[in-house]
file upload21.cif (mmCIF, C-alpha atoms and all ligand atoms)
data_entry
#
loop_
_atom_site.label_atom_id
_atom_site.label_comp_id
_atom_site.auth_asym_id
_atom_site.auth_seq_id
_atom_site.Cartn_x
_atom_site.Cartn_y
_atom_site.Cartn_z
CA MET A 124 -22.93 -2.55 47.89
CA ASN A 125 -23.65 1.04 47.20
CA ARG A 126 -24.17 1.51 43.48
CA SER A 127 -24.31 5.26 43.65
CA THR A 128 -22.52 6.83 40.71
CA GLU A 129 -22.81 10.26 42.26
CA ARG A 130 -20.31 9.40 44.94
CA PRO A 131 -16.68 9.66 43.98
CA GLU A 132 -14.99 6.62 42.51
CA ARG A 133 -12.75 5.07 45.11
CA GLY A 134 -10.24 2.29 45.58
CA SER A 135 -6.51 1.84 45.79
CA SER A 136 -6.25 1.11 42.08
CA GLU A 137 -7.41 4.68 41.37
CA ALA A 138 -4.22 5.40 39.47
CA ASN A 139 -5.06 2.69 36.93
CA HIS A 140 -8.75 3.47 36.52
CA SER A 141 -10.12 4.72 33.28
CA ILE A 142 -11.62 8.12 33.84
CA PRO A 143 -14.72 8.48 31.68
CA PHE A 144 -15.42 11.82 30.05
CA ALA A 145 -18.86 12.13 31.60
CA ARG A 146 -20.99 10.35 34.14
CA ALA A 147 -24.46 11.19 35.42
CA ALA A 148 -24.89 11.95 39.14
CA ILE A 149 -27.64 9.41 39.76
CA ASP A 150 -28.22 7.52 42.99
CA GLU A 151 -30.92 5.73 44.99
CA ARG A 152 -33.04 8.87 45.23
CA GLU A 153 -33.63 9.04 41.48
CA GLU A 154 -34.24 5.27 41.47
CA ALA A 155 -36.87 5.64 44.21
CA ALA A 156 -38.55 8.50 42.38
CA VAL A 157 -38.84 6.46 39.19
CA LEU A 158 -40.25 3.50 41.13
CA ARG A 159 -42.80 5.77 42.75
CA VAL A 160 -44.06 6.85 39.33
CA LEU A 161 -44.03 3.32 37.91
CA ARG A 162 -46.06 2.09 40.86
CA SER A 163 -48.55 4.94 40.54
CA GLY A 164 -49.76 3.39 37.27
CA TRP A 165 -49.60 6.74 35.44
CA LEU A 166 -46.44 6.92 33.32
CA THR A 167 -46.90 9.87 31.04
CA THR A 168 -47.24 13.58 31.76
CA ALA A 169 -49.20 14.46 34.91
CA SER A 170 -48.61 15.65 38.45
CA GLU A 171 -44.83 14.97 38.59
CA CYS A 172 -44.34 17.08 35.52
CA LYS A 173 -46.47 19.88 36.94
CA ALA A 174 -44.50 19.77 40.20
CA PHE A 175 -41.18 19.78 38.32
CA GLU A 176 -42.30 22.82 36.33
CA ARG A 177 -43.37 24.63 39.49
CA GLU A 178 -40.12 23.85 41.28
CA PHE A 179 -37.97 24.72 38.29
CA SER A 180 -39.67 28.05 37.66
CA ALA A 181 -39.15 28.92 41.32
CA ALA A 182 -35.48 27.87 41.12
CA VAL A 183 -34.69 30.23 38.22
CA GLY A 184 -37.25 32.90 39.06
CA ALA A 185 -39.27 32.61 35.85
CA ARG A 186 -43.04 33.06 35.64
CA HIS A 187 -43.51 29.96 33.48
CA ALA A 188 -41.59 26.71 33.10
CA ILE A 189 -42.69 24.24 30.42
CA ALA A 190 -41.19 20.75 30.52
CA VAL A 191 -40.42 19.08 27.20
CA ASN A 192 -38.86 15.84 26.03
CA SER A 193 -35.63 17.47 24.79
CA GLY A 194 -33.84 20.78 24.64
CA THR A 195 -34.16 20.60 20.87
CA ALA A 196 -37.96 20.39 21.18
CA GLY A 197 -37.85 23.38 23.52
CA LEU A 198 -35.84 25.48 21.06
CA HIS A 199 -38.24 24.55 18.26
CA LEU A 200 -41.27 25.58 20.33
CA ALA A 201 -39.59 28.80 21.41
CA LEU A 202 -38.71 29.89 17.87
CA GLU A 203 -42.20 29.01 16.66
CA ALA A 204 -43.77 30.99 19.49
CA VAL A 205 -41.73 34.14 18.87
CA GLY A 206 -42.92 33.99 15.27
CA VAL A 207 -39.93 32.74 13.28
CA SER A 208 -41.27 31.59 9.93
CA ARG A 209 -40.37 30.76 6.35
CA GLY A 210 -37.72 33.02 4.85
CA ASP A 211 -36.66 34.62 8.14
CA ARG A 212 -33.06 34.57 9.21
CA VAL A 213 -31.99 33.71 12.74
CA VAL A 214 -28.53 34.46 14.12
CA THR A 215 -26.56 31.89 16.05
CA THR A 216 -22.91 30.85 16.15
CA PRO A 217 -21.25 27.98 14.33
CA TYR A 218 -19.52 27.00 17.59
CA THR A 219 -22.39 24.94 18.97
CA PHE A 220 -24.26 21.67 18.69
CA THR A 221 -26.35 21.28 15.57
CA ALA A 222 -29.60 21.49 17.59
CA SER A 223 -29.11 25.26 17.98
CA ALA A 224 -29.32 25.70 14.20
CA GLU A 225 -31.42 22.77 12.99
CA VAL A 226 -34.50 24.15 14.78
CA ILE A 227 -34.25 27.24 12.56
CA ARG A 228 -34.52 24.95 9.54
CA TYR A 229 -37.54 23.15 11.06
CA LEU A 230 -39.40 26.45 10.51
CA ASP A 231 -38.07 26.93 6.96
CA ALA A 232 -35.99 29.85 8.15
CA ASP A 233 -32.22 30.09 7.66
CA PRO A 234 -29.39 30.37 10.17
CA LEU A 235 -27.09 33.35 9.83
CA PHE A 236 -23.86 32.38 11.55
CA VAL A 237 -21.87 34.96 13.48
CA ASP A 238 -18.46 34.11 14.88
CA VAL A 239 -17.62 33.76 18.57
CA ARG A 240 -15.27 35.72 20.81
CA GLU A 241 -11.80 34.28 21.27
CA ASP A 242 -11.95 34.46 25.08
CA ASP A 243 -15.26 32.78 25.96
CA LEU A 244 -16.24 31.06 22.68
CA ASN A 245 -19.63 32.77 22.82
CA LEU A 246 -21.48 34.98 20.31
CA ASP A 247 -19.44 38.12 19.65
CA PRO A 248 -21.72 41.12 20.36
CA ASP A 249 -19.78 43.43 18.03
CA GLU A 250 -20.08 40.96 15.15
CA LEU A 251 -23.77 40.58 16.04
CA ALA A 252 -24.33 44.33 15.84
CA GLY A 253 -22.79 44.34 12.35
CA ALA A 254 -24.87 41.36 11.24
CA LEU A 255 -28.11 42.95 12.47
CA HIS A 256 -27.25 46.17 10.70
CA ASP A 257 -26.49 44.42 7.41
CA ASN A 258 -29.38 41.91 7.51
CA PRO A 259 -32.80 43.42 8.19
CA ASP A 260 -34.42 40.01 7.56
CA VAL A 261 -33.03 38.69 10.88
CA THR A 262 -35.98 38.17 13.23
CA ALA A 263 -34.37 36.32 16.15
CA VAL A 264 -31.04 35.59 17.81
CA ILE A 265 -30.05 32.42 19.68
CA PRO A 266 -27.13 33.12 22.01
CA VAL A 267 -25.59 29.86 23.27
CA HIS A 268 -23.88 29.83 26.68
CA ILE A 269 -21.11 27.42 25.76
CA GLY A 270 -20.04 25.13 28.57
CA GLY A 271 -22.24 27.13 30.94
CA HIS A 272 -20.23 30.34 30.54
CA SER A 273 -22.47 33.31 29.98
CA CYS A 274 -22.66 35.21 26.72
CA ARG A 275 -22.35 38.99 27.08
CA MET A 276 -26.08 39.23 27.55
CA ASP A 277 -26.17 42.94 28.36
CA GLU A 278 -24.68 43.89 25.00
CA ILE A 279 -26.63 41.22 23.10
CA MET A 280 -29.96 42.32 24.61
CA GLN A 281 -29.18 45.93 23.79
CA HIS A 282 -28.35 45.21 20.14
CA CYS A 283 -31.45 43.03 19.74
CA ALA A 284 -33.78 45.56 21.36
CA GLY A 285 -32.39 48.23 19.05
CA ALA A 286 -33.11 46.07 16.01
CA GLY A 287 -36.49 44.76 17.20
CA VAL A 288 -35.15 41.21 17.17
CA ARG A 289 -36.36 38.42 19.49
CA VAL A 290 -33.94 36.62 21.82
CA VAL A 291 -34.16 32.89 22.58
CA GLU A 292 -31.36 31.78 24.89
CA ASP A 293 -29.92 28.34 24.23
CA ALA A 294 -29.24 27.56 27.89
CA ALA A 295 -28.70 23.84 27.18
CA HIS A 296 -25.40 23.96 29.12
CA ALA A 297 -26.25 26.74 31.46
CA PHE A 298 -28.31 25.61 34.44
CA PRO A 299 -27.67 26.97 37.08
CA GLY A 300 -25.20 29.53 35.77
CA THR A 301 -25.84 33.26 36.02
CA PHE A 302 -24.90 36.54 34.37
CA ALA A 303 -24.50 39.46 36.80
CA GLY A 304 -26.49 37.38 39.26
CA GLN A 305 -29.40 36.67 36.91
CA PRO A 306 -30.03 33.01 35.99
CA LEU A 307 -29.00 32.18 32.44
CA GLY A 308 -32.09 31.30 30.43
CA THR A 309 -34.15 34.07 32.07
CA ILE A 310 -32.50 37.06 30.38
CA GLY A 311 -33.90 36.69 26.85
CA GLU A 312 -37.62 36.44 26.16
CA VAL A 313 -37.41 32.66 26.25
CA GLY A 314 -34.72 30.34 27.62
CA VAL A 315 -34.30 26.64 26.91
CA TYR A 316 -32.37 24.10 29.03
CA SER A 317 -31.35 20.57 28.06
CA PHE A 318 -31.53 17.66 30.49
CA TYR A 319 -29.63 15.27 28.21
CA ALA A 320 -27.59 12.56 29.95
CA THR A 321 -24.35 14.56 30.26
CA LYS A 322 -25.89 17.86 31.33
CA THR A 323 -25.62 19.56 34.74
CA LEU A 324 -29.17 18.48 35.55
CA THR A 325 -30.28 15.34 33.74
CA THR A 326 -33.46 13.37 33.14
CA GLY A 327 -31.74 11.12 30.57
CA GLU A 328 -33.47 13.03 27.78
CA GLY A 329 -35.52 16.13 28.42
CA GLY A 330 -35.60 19.88 28.57
CA MET A 331 -37.30 22.92 30.07
CA ILE A 332 -38.47 26.17 28.54
CA VAL A 333 -38.81 29.28 30.71
CA THR A 334 -40.40 32.63 30.00
CA ASP A 335 -42.11 35.50 31.81
CA ASP A 336 -44.43 36.14 28.85
CA ASP A 337 -47.93 34.71 29.34
CA ALA A 338 -48.83 34.64 25.64
CA LEU A 339 -45.61 32.88 24.64
CA ALA A 340 -46.09 30.36 27.46
CA ARG A 341 -49.63 29.66 26.33
CA ARG A 342 -48.56 29.15 22.71
CA MET A 343 -45.68 26.83 23.64
CA THR A 344 -47.90 24.82 26.00
CA VAL A 345 -50.52 24.27 23.29
CA MET A 346 -47.91 23.41 20.62
CA ARG A 347 -46.09 21.07 23.01
CA LEU A 348 -49.03 18.66 22.91
CA HIS A 349 -50.55 18.32 19.44
CA GLY A 350 -52.04 21.83 19.38
CA ILE A 351 -54.67 20.80 21.89
CA ASP A 352 -56.31 23.76 23.59
CA ARG A 353 -56.20 22.47 27.13
CA GLU A 354 -53.92 20.38 29.30
CA VAL A 355 -55.64 17.02 29.04
CA TRP A 356 -53.61 15.39 31.76
CA ASP A 357 -54.97 17.56 34.59
CA ARG A 358 -56.94 14.57 35.80
CA TYR A 359 -56.31 15.43 39.42
CA THR A 360 -57.62 18.94 39.31
CA SER A 361 -60.05 19.23 36.42
CA SER A 362 -63.73 18.38 36.57
CA ARG A 363 -63.90 18.22 32.76
CA PRO A 364 -63.50 14.73 31.24
CA ASN A 365 -60.11 14.37 29.55
CA TRP A 366 -61.59 13.37 26.17
CA GLU A 367 -63.16 16.81 25.83
CA TYR A 368 -60.69 19.02 23.95
CA GLN A 369 -60.27 21.08 20.80
CA VAL A 370 -57.38 20.84 18.35
CA VAL A 371 -56.54 24.42 17.43
CA GLU A 372 -53.21 23.89 15.63
CA ALA A 373 -51.07 21.16 14.06
CA GLY A 374 -48.84 20.87 17.14
CA TYR A 375 -46.04 18.56 18.19
CA LYS A 376 -45.54 15.68 20.62
CA TYR A 377 -42.99 17.22 22.93
CA ASN A 378 -44.35 16.59 26.45
CA MET A 379 -42.13 15.26 29.24
CA PRO A 380 -43.32 11.97 30.81
CA ASP A 381 -43.68 11.80 34.60
CA ILE A 382 -40.94 9.14 34.86
CA LEU A 383 -38.43 11.71 33.62
CA ALA A 384 -39.94 14.60 35.57
CA ALA A 385 -39.53 12.57 38.78
CA ILE A 386 -35.80 12.19 38.06
CA GLY A 387 -35.59 15.89 37.30
CA ARG A 388 -37.16 16.85 40.63
CA VAL A 389 -34.52 14.90 42.55
CA GLN A 390 -31.75 16.36 40.39
CA LEU A 391 -33.08 19.86 41.00
CA GLU A 392 -33.06 19.27 44.73
CA LYS A 393 -29.41 18.19 44.53
CA SER A 394 -28.34 20.89 42.10
CA THR A 395 -26.69 23.26 44.59
CA ARG A 396 -24.42 20.49 45.78
CA LEU A 397 -23.77 19.16 42.27
CA THR A 398 -22.82 22.63 41.05
CA HIS A 399 -20.61 23.20 44.05
CA ARG A 400 -18.63 20.07 43.17
CA ARG A 401 -18.31 21.08 39.51
CA ARG A 402 -16.96 24.45 40.64
CA GLU A 403 -14.44 22.78 42.95
CA ILE A 404 -13.18 20.62 40.09
CA ALA A 405 -12.93 23.65 37.80
CA HIS A 406 -10.87 25.50 40.41
CA THR A 407 -8.54 22.52 40.84
CA TYR A 408 -8.00 22.36 37.07
CA LEU A 409 -7.49 26.11 36.84
CA SER A 410 -4.87 26.24 39.55
CA GLY A 411 -3.20 22.97 38.48
CA LEU A 412 -2.82 23.96 34.82
CA LEU A 413 -2.25 27.68 35.33
CA GLU A 414 1.47 27.75 34.73
CA ARG A 415 1.50 25.94 31.41
CA ASP A 416 1.52 28.77 28.91
CA TYR A 417 0.96 26.41 25.97
CA LEU A 418 -2.54 25.92 27.39
CA ARG A 419 -5.39 28.37 27.22
CA LEU A 420 -7.78 27.89 30.13
CA PRO A 421 -11.43 28.92 30.45
CA ILE A 422 -12.10 32.19 32.24
CA ASP A 423 -13.67 31.84 35.68
CA SER A 424 -16.42 34.42 36.04
CA GLY A 425 -17.56 32.79 39.29
CA GLU A 426 -20.98 32.33 37.65
CA SER A 427 -20.57 29.38 35.26
CA SER A 428 -22.47 26.13 35.60
CA TRP A 429 -19.22 24.42 34.49
CA HIS A 430 -20.98 21.96 32.20
CA LEU A 431 -17.72 21.76 30.23
CA PHE A 432 -14.09 22.46 30.98
CA ILE A 433 -12.56 23.32 27.60
CA ILE A 434 -8.82 23.87 27.36
CA ARG A 435 -7.14 24.96 24.16
CA ILE A 436 -3.60 23.96 23.23
CA ASP A 437 -1.21 26.27 21.40
CA PRO A 438 -0.11 24.21 18.38
CA ASP A 439 2.76 26.62 17.67
CA ARG A 440 4.34 25.71 20.99
CA LEU A 441 3.88 21.95 20.69
CA THR A 442 5.18 19.26 18.36
CA ILE A 443 1.83 17.42 18.47
CA ASP A 444 -1.62 18.51 17.37
CA ARG A 445 -4.88 18.36 19.31
CA ASN A 446 -5.85 14.93 17.98
CA GLU A 447 -2.54 13.43 19.05
CA PHE A 448 -2.90 15.12 22.47
CA ILE A 449 -6.31 13.46 22.85
CA ARG A 450 -4.92 10.11 21.67
CA ARG A 451 -2.18 10.25 24.31
CA LEU A 452 -4.70 11.10 27.04
CA ALA A 453 -6.86 8.15 25.93
CA GLU A 454 -3.79 5.90 26.07
CA ARG A 455 -3.48 6.91 29.72
CA GLY A 456 -7.13 6.09 30.38
CA ILE A 457 -8.48 9.64 30.32
CA GLY A 458 -11.70 10.24 28.43
CA THR A 459 -12.07 13.61 26.70
CA SER A 460 -14.25 15.14 24.02
CA VAL A 461 -14.20 18.01 21.54
CA HIS A 462 -16.73 20.83 21.67
CA TYR A 463 -17.36 21.53 18.83
CA ILE A 464 -16.75 20.73 15.20
CA PRO A 465 -18.23 24.04 14.04
CA LEU A 466 -21.44 23.87 12.07
CA HIS A 467 -20.11 25.80 9.10
CA VAL A 468 -17.77 22.90 8.21
CA MET A 469 -20.54 20.31 8.57
CA PRO A 470 -21.63 19.10 5.12
CA TYR A 471 -25.26 20.19 5.53
CA TYR A 472 -24.60 23.83 6.48
CA ARG A 473 -21.42 24.13 4.40
CA ASP A 474 -23.08 22.98 1.21
CA ARG A 475 -26.49 24.57 1.69
CA TYR A 476 -25.07 28.01 2.48
CA GLY A 477 -21.80 27.84 0.52
CA LEU A 478 -19.67 28.38 3.61
CA ARG A 479 -15.87 28.12 3.69
CA ALA A 480 -13.89 26.93 6.69
CA GLU A 481 -12.10 30.28 6.94
CA ASP A 482 -15.38 32.26 7.07
CA PHE A 483 -15.46 31.85 10.87
CA PRO A 484 -11.80 31.87 11.90
CA VAL A 485 -12.29 32.02 15.66
CA SER A 486 -14.66 29.04 15.68
CA LEU A 487 -12.38 27.08 13.36
CA ARG A 488 -9.27 27.77 15.42
CA ALA A 489 -11.09 26.91 18.65
CA TYR A 490 -12.23 23.61 17.16
CA GLN A 491 -8.71 22.72 16.03
CA THR A 492 -7.21 23.32 19.47
CA ALA A 493 -9.97 22.46 21.99
CA ILE A 494 -10.01 19.54 24.40
CA SER A 495 -12.88 19.08 26.88
CA LEU A 496 -11.59 17.52 30.10
CA PRO A 497 -13.78 15.36 32.38
CA ILE A 498 -15.89 17.43 34.79
CA TYR A 499 -18.78 15.91 36.75
CA PRO A 500 -19.76 15.69 40.41
CA GLY A 501 -18.66 12.05 40.88
CA LEU A 502 -15.12 12.73 39.65
CA HIS A 503 -12.76 11.98 42.54
CA GLU A 504 -10.26 14.61 43.57
CA GLU A 505 -7.43 12.15 42.89
CA SER A 506 -8.75 11.65 39.35
CA VAL A 507 -8.80 15.42 38.78
CA ARG A 508 -5.17 15.55 39.91
CA ARG A 509 -4.30 12.64 37.65
CA VAL A 510 -5.86 14.42 34.65
CA ILE A 511 -3.79 17.52 35.50
CA ARG A 512 -0.60 15.45 35.82
CA GLU A 513 -1.16 13.68 32.51
CA VAL A 514 -2.06 16.85 30.61
CA ILE A 515 1.13 18.46 31.90
CA ARG A 516 3.24 15.39 31.19
CA ILE A 517 1.98 15.12 27.60
CA GLY A 518 2.27 18.88 27.02
CA ASP A 519 5.73 19.28 28.56
CA ASP A 520 7.05 16.26 26.61
CA ALA A 521 5.77 17.75 23.37
CA LEU A 522 7.11 21.28 23.93
CA ARG A 523 9.01 22.72 20.97
CA ARG A 524 12.50 23.60 22.08
C1 LIG B 1 -25.76 23.87 22.82
C2 LIG B 1 -26.86 22.86 22.75
N1 LIG B 1 -28.08 23.24 22.37
C3 LIG B 1 -29.12 22.39 22.30
C4 LIG B 1 -28.96 21.06 22.62
C5 LIG B 1 -30.12 20.15 22.47
O1 LIG B 1 -30.49 19.55 23.66
P1 LIG B 1 -31.16 18.09 23.67
O2 LIG B 1 -30.08 17.08 23.45
O3 LIG B 1 -31.77 18.00 25.02
O4 LIG B 1 -32.17 18.06 22.59
C6 LIG B 1 -27.72 20.60 23.03
C7 LIG B 1 -27.54 19.19 23.39
O5 LIG B 1 -26.51 18.65 23.59
C8 LIG B 1 -26.63 21.52 23.10
O6 LIG B 1 -25.41 21.12 23.48
#

call {"tool": "encode", "arguments": {"input": "upload21.cif", "output": "structure tokens", "more": "lines below"}}
Ligand SMILES: Cc1ncc(COP(=O)(O)O)c(C=O)c1O
result
Amino acid sequence: MNRSTERPERGSSEANHSIPFARAAIDEREEAAVLRVLRSGWLTTASECKAFEREFSAAVGARHAIAVNSGTAGLHLALEAVGVSRGDRVVTTPYTFTASAEVIRYLDADPLFVDVREDDLNLDPDELAGALHDNPDVTAVIPVHIGGHSCRMDEIMQHCAGAGVRVVEDAAHAFPGTFAGQPLGTIGEVGVYSFYATKTLTTGEGGMIVTDDDALARRMTVMRLHGIDREVWDRYTSSRPNWEYQVVEAGYKYNMPDILAAIGRVQLEKSTRLTHRRREIAHTYLSGLLERDYLRLPIDSGESSWHLFIIRIDPDRLTIDRNEFIRRLAERGIGTSVHYIPLHVMPYYRDRYGLRAEDFPVSLRAYQTAISLPIYPGLHEESVRRVIREVIRIGDDALRR
């Protein structure tokens, strides 16, 4: 029996299947790659990781790619390298996962939240310009490409250059999306991808940092492994013994093991096909749901990685709220999620910074109305159609008359 989870689900009982919200596109090739590493006897960071970095940097056209054990670790290293330190402020949006903001706190700096645009749920460049003007203590900005849809990077880069502020792209959702043809993650000074289990390219847990800046790359490479001044795992190429090193900083333990890098290399090889399938699913959703004007659909720029497919319901047109909509989908076997409960209503950020729910109205409204539908390469066409049918059935039944 073929256990591939990348291939579409099949079977005549399709109509009764539960459709999970997410599922990794893993098959025998990733299994073989892991076995190869296990049998090599060298499990931690070495040649697989180096090869993955080389292949990834070529794929996105960056000078350096630095593999790490999570996107969060990558964001931490990136902020540290661009010089964020105690008392600084760093702009990001509340409409993101907590990792985007917690890394600012790791460095004893403070997040300055700026609301998102209504249309793409990404950092609003006009609001950013105002925030930079009013807050000269801002030293960096983290634009987050939500769901793989690009932020308005041209405007953001322009505002940041004008204010002398560093840009670290949170490209956790964004591989291999682009903005005006340029890979997301390569537009700011540093870009960070996540390879968490649900992401468009996964290693289970993991991440990749990219930059064209040699000094930043050097700093992040040293800090990735305990602040050691050389890459001690270059056992294949170095004539120096691997016990001979200097500790030049109190660094972190953020390296990616070869077992994960081997999975990543296979995923990277498959990524064109995996992205193609995500785009097909997105197009089916877009055309299938188009005529329901109580739904707000994501905008198709033609460049998204389609990590997420977030629809928003219009609660004024329906007799049920978002939670009830999700409950009814679950009743019909359809897994969904919500991206995101905004950070400014989370107890930590709310209480520490005295934030009120209404301070970021676009993020709050998006949270209250958003439903993320299943989108992943193994999702069968019939399942996509079933999701569309059920969304329409639930929505039409709940229409206010
Ligand atoms: C927007 C965003 N940024 C950063 C991260 C952190 O990535 P990781 O889980 O690999 O640490 C995530 C993870 O889900 C994310 O969604």

call {"tool": "residues_near_ligand", "arguments": {"input": "upload21.cif", "ligand": "ligand LIG 1 (chain B)", "cutoff": "7 Å", "atoms": "all atoms listed in the file", "output": "PDB file with C-alpha atoms, keeping the file's coordinate frame"}}
result
ATOM      1  CA  SER A 193     -35.630  17.470  24.790  1.00  0.00           C
ATOM      2  CA  GLY A 194     -33.840  20.780  24.640  1.00  0.00           C
ATOM      3  CA  THR A 195     -34.160  20.600  20.870  1.00  0.00           C
ATOM      4  CA  ALA A 196     -37.960  20.390  21.180  1.00  0.00           C
ATOM      5  CA  THR A 219     -22.390  24.940  18.970  1.00  0.00           C
ATOM      6  CA  PHE A 220     -24.260  21.670  18.690  1.00  0.00           C
ATOM      7  CA  ALA A 222     -29.600  21.490  17.590  1.00  0.00           C
ATOM      8  CA  SER A 223     -29.110  25.260  17.980  1.00  0.00           C
ATOM      9  CA  VAL A 267     -25.590  29.860  23.270  1.00  0.00           C
ATOM     10  CA  ILE A 269     -21.110  27.420  25.760  1.00  0.00           C
ATOM     11  CA  ASP A 293     -29.920  28.340  24.230  1.00  0.00           C
ATOM     12  CA  ALA A 295     -28.700  23.840  27.180  1.00  0.00           C
ATOM     13  CA  HIS A 296     -25.400  23.960  29.120  1.00  0.00           C
ATOM     14  CA  SER A 317     -31.350  20.570  28.060  1.00  0.00           C
ATOM     15  CA  PHE A 318     -31.530  17.660  30.490  1.00  0.00           C
ATOM     16  CA  TYR A 319     -29.630  15.270  28.210  1.00  0.00           C
ATOM     17  CA  GLU A 328     -33.470  13.030  27.780  1.00  0.00           C
ATOM     18  CA  GLY A 329     -35.520  16.130  28.420  1.00  0.00           C
ATOM     19  CA  GLY A 330     -35.600  19.880  28.570  1.00  0.00           C
TER      20      GLY A 330
END

call {"tool": "atom_distance", "arguments": {"input": "upload21.cif", "atom1": "CA of Leu202 (chain A)", "atom2": "CA of Trp429 (chain A)"}}
result
26.2 Å

call {"tool": "residues_around", "arguments": {"input": "upload21.cif", "residues": "Ala252 (chain A)", "least_positions_apart": "6", "cutoff": "10 Å", "atoms": "all atoms listed in the file", "output": "list of chain:residue names"}}
result
A:Val237, A:Glu278, A:Ile279, A:Gln281, A:His282, A:Cys283, A:Gly285, A:Ala286

call {"tool": "closest_residue", "arguments": {"input": "upload21.cif", "among": "A:Ala297, A:Leu230, A:Ile515, A:Ile332", "to": "Val313 (chain A)", "atoms": "only C-alpha atoms"}}
result
A:Ile332

call {"tool": "atom_distance", "arguments": {"input": "upload21.cif", "atom1": "CA of Pro465 (chain A)", "atom2": "CA of Ser428 (chain A)"}}
result
22.1 Å

call {"tool": "atom_distance", "arguments": {"input": "upload21.cif", "atom1": "CA of Val507 (chain A)", "atom2": "CA of Gly304 (chain A)"}}
result
28.2 Å

call {"tool": "residues_around", "arguments": {"input": "upload21.cif", "residues": "region 290-292 of chain A", "least_positions_apart": "3", "cutoff": "8 Å", "atoms": "all atoms listed in the file", "output": "PDB file with C-alpha atoms, in the frame of the given file"}}
result
ATOM      1  CA  LEU A 198     -35.840  25.480  21.060  1.00  0.00           C
ATOM      2  CA  ALA A 201     -39.590  28.800  21.410  1.00  0.00           C
ATOM      3  CA  LEU A 202     -38.710  29.890  17.870  1.00  0.00           C
ATOM      4  CA  ALA A 263     -34.370  36.320  16.150  1.00  0.00           C
ATOM      5  CA  VAL A 264     -31.040  35.590  17.810  1.00  0.00           C
ATOM      6  CA  ILE A 265     -30.050  32.420  19.680  1.00  0.00           C
ATOM      7  CA  PRO A 266     -27.130  33.120  22.010  1.00  0.00           C
ATOM      8  CA  VAL A 267     -25.590  29.860  23.270  1.00  0.00           C
ATOM      9  CA  HIS A 268     -23.880  29.830  26.680  1.00  0.00           C
ATOM     10  CA  MET A 280     -29.960  42.320  24.610  1.00  0.00           C
ATOM     11  CA  CYS A 283     -31.450  43.030  19.740  1.00  0.00           C
ATOM     12  CA  LEU A 307     -29.000  32.180  32.440  1.00  0.00           C
ATOM     13  CA  GLY A 308     -32.090  31.300  30.430  1.00  0.00           C
ATOM     14  CA  ILE A 310     -32.500  37.060  30.380  1.00  0.00           C
ATOM     15  CA  GLY A 311     -33.900  36.690  26.850  1.00  0.00           C
ATOM     16  CA  GLU A 312     -37.620  36.440  26.160  1.00  0.00           C
ATOM     17  CA  VAL A 313     -37.410  32.660  26.250  1.00  0.00           C
ATOM     18  CA  GLY A 314     -34.720  30.340  27.620  1.00  0.00           C
ATOM     19  CA  VAL A 315     -34.300  26.640  26.910  1.00  0.00           C
TER      20      VAL A 315
END

call {"tool": "closest_residue", "arguments": {"input": "upload21.cif", "among": "A:Pro143, A:Gly300, A:Ala284, A:Ala385", "to": "Glu178 (chain A)", "atoms": "all atoms listed in the file"}}
result
A:Ala385

call {"tool": "residues_around", "arguments": {"input": "upload21.cif", "residues": "Asp257 (chain A)", "least_positions_apart": "4", "cutoff": "12 Å", "atoms": "all atoms listed in the file", "output": "PyMOL selection string"}}
result
chain A and resi 212+235+250-253+261+286

call {"tool": "closest_residue", "arguments": {"input": "upload21.cif", "among": "A:Tyr218, A:Gly197, A:Arg509, A:Ala303", "to": "Gly411 (chain A)", "atoms": "all atoms listed in the file"}}
result
A:Arg509

call {"tool": "closest_residue", "arguments": {"input": "upload21.cif", "among": "A:Ala204, A:Ala174, A:Met469, A:Ala294", "to": "Met346 (chain A)", "atoms": "all atoms listed in the file"}}
result
A:Ala204

call {"tool": "closest_residue", "arguments": {"input": "upload21.cif", "among": "A:Pro299, A:Gly501, A:Gly206, A:Gly518", "to": "Asp150 (chain A)", "atoms": "only C-alpha atoms"}}
result
A:Gly501

call {"tool": "closest_residue", "arguments": {"input": "upload21.cif", "among": "A:Asp277, A:Glu414, A:Glu153, A:Asp352", "to": "Ile511 (chain A)", "atoms": "all atoms listed in the file"}}
result
A:Glu414

call {"tool": "residues_around", "arguments": {"input": "upload21.cif", "residues": "Leu339 (chain A)", "least_positions_apart": "2", "cutoff": "8 Å", "atoms": "all atoms listed in the file", "output": "compact mmCIF listing (two decimals) with C-alpha atoms, in the frame of the given file"}}
result
# COMPACT_ATOMS: atom_id res chain seq x y z
CA ALA A 201 -39.59 28.80 21.41
CA ALA A 204 -43.77 30.99 19.49
CA VAL A 205 -41.73 34.14 18.87
CA THR A 334 -40.40 32.63 30.00
CA ASP A 336 -44.43 36.14 28.85
CA ASP A 337 -47.93 34.71 29.34
CA ARG A 341 -49.63 29.66 26.33
CA ARG A 342 -48.56 29.15 22.71
CA MET A 343 -45.68 26.83 23.64

call {"tool": "residues_around", "arguments": {"input": "upload21.cif", "residues": "Val183 (chain A)", "least_positions_apart": "4", "cutoff": "8 Å", "atoms": "only C-alpha atoms", "output": "list in words"}}
result
Phe179, Pro299, Pro306 and Thr309 of chain A

call {"tool": "write_last_selection", "arguments": {"input": "upload21.cif", "atoms": "C-alpha atoms", "output": "PDB file, keeping the file's coordinate frame"}}
result
ATOM      1  CA  PHE A 179     -37.970  24.720  38.290  1.00  0.00           C
ATOM      2  CA  PRO A 299     -27.670  26.970  37.080  1.00  0.00           C
ATOM      3  CA  PRO A 306     -30.030  33.010  35.990  1.00  0.00           C
ATOM      4  CA  THR A 309     -34.150  34.070  32.070  1.00  0.00           C
TER       5      THR A 309
END
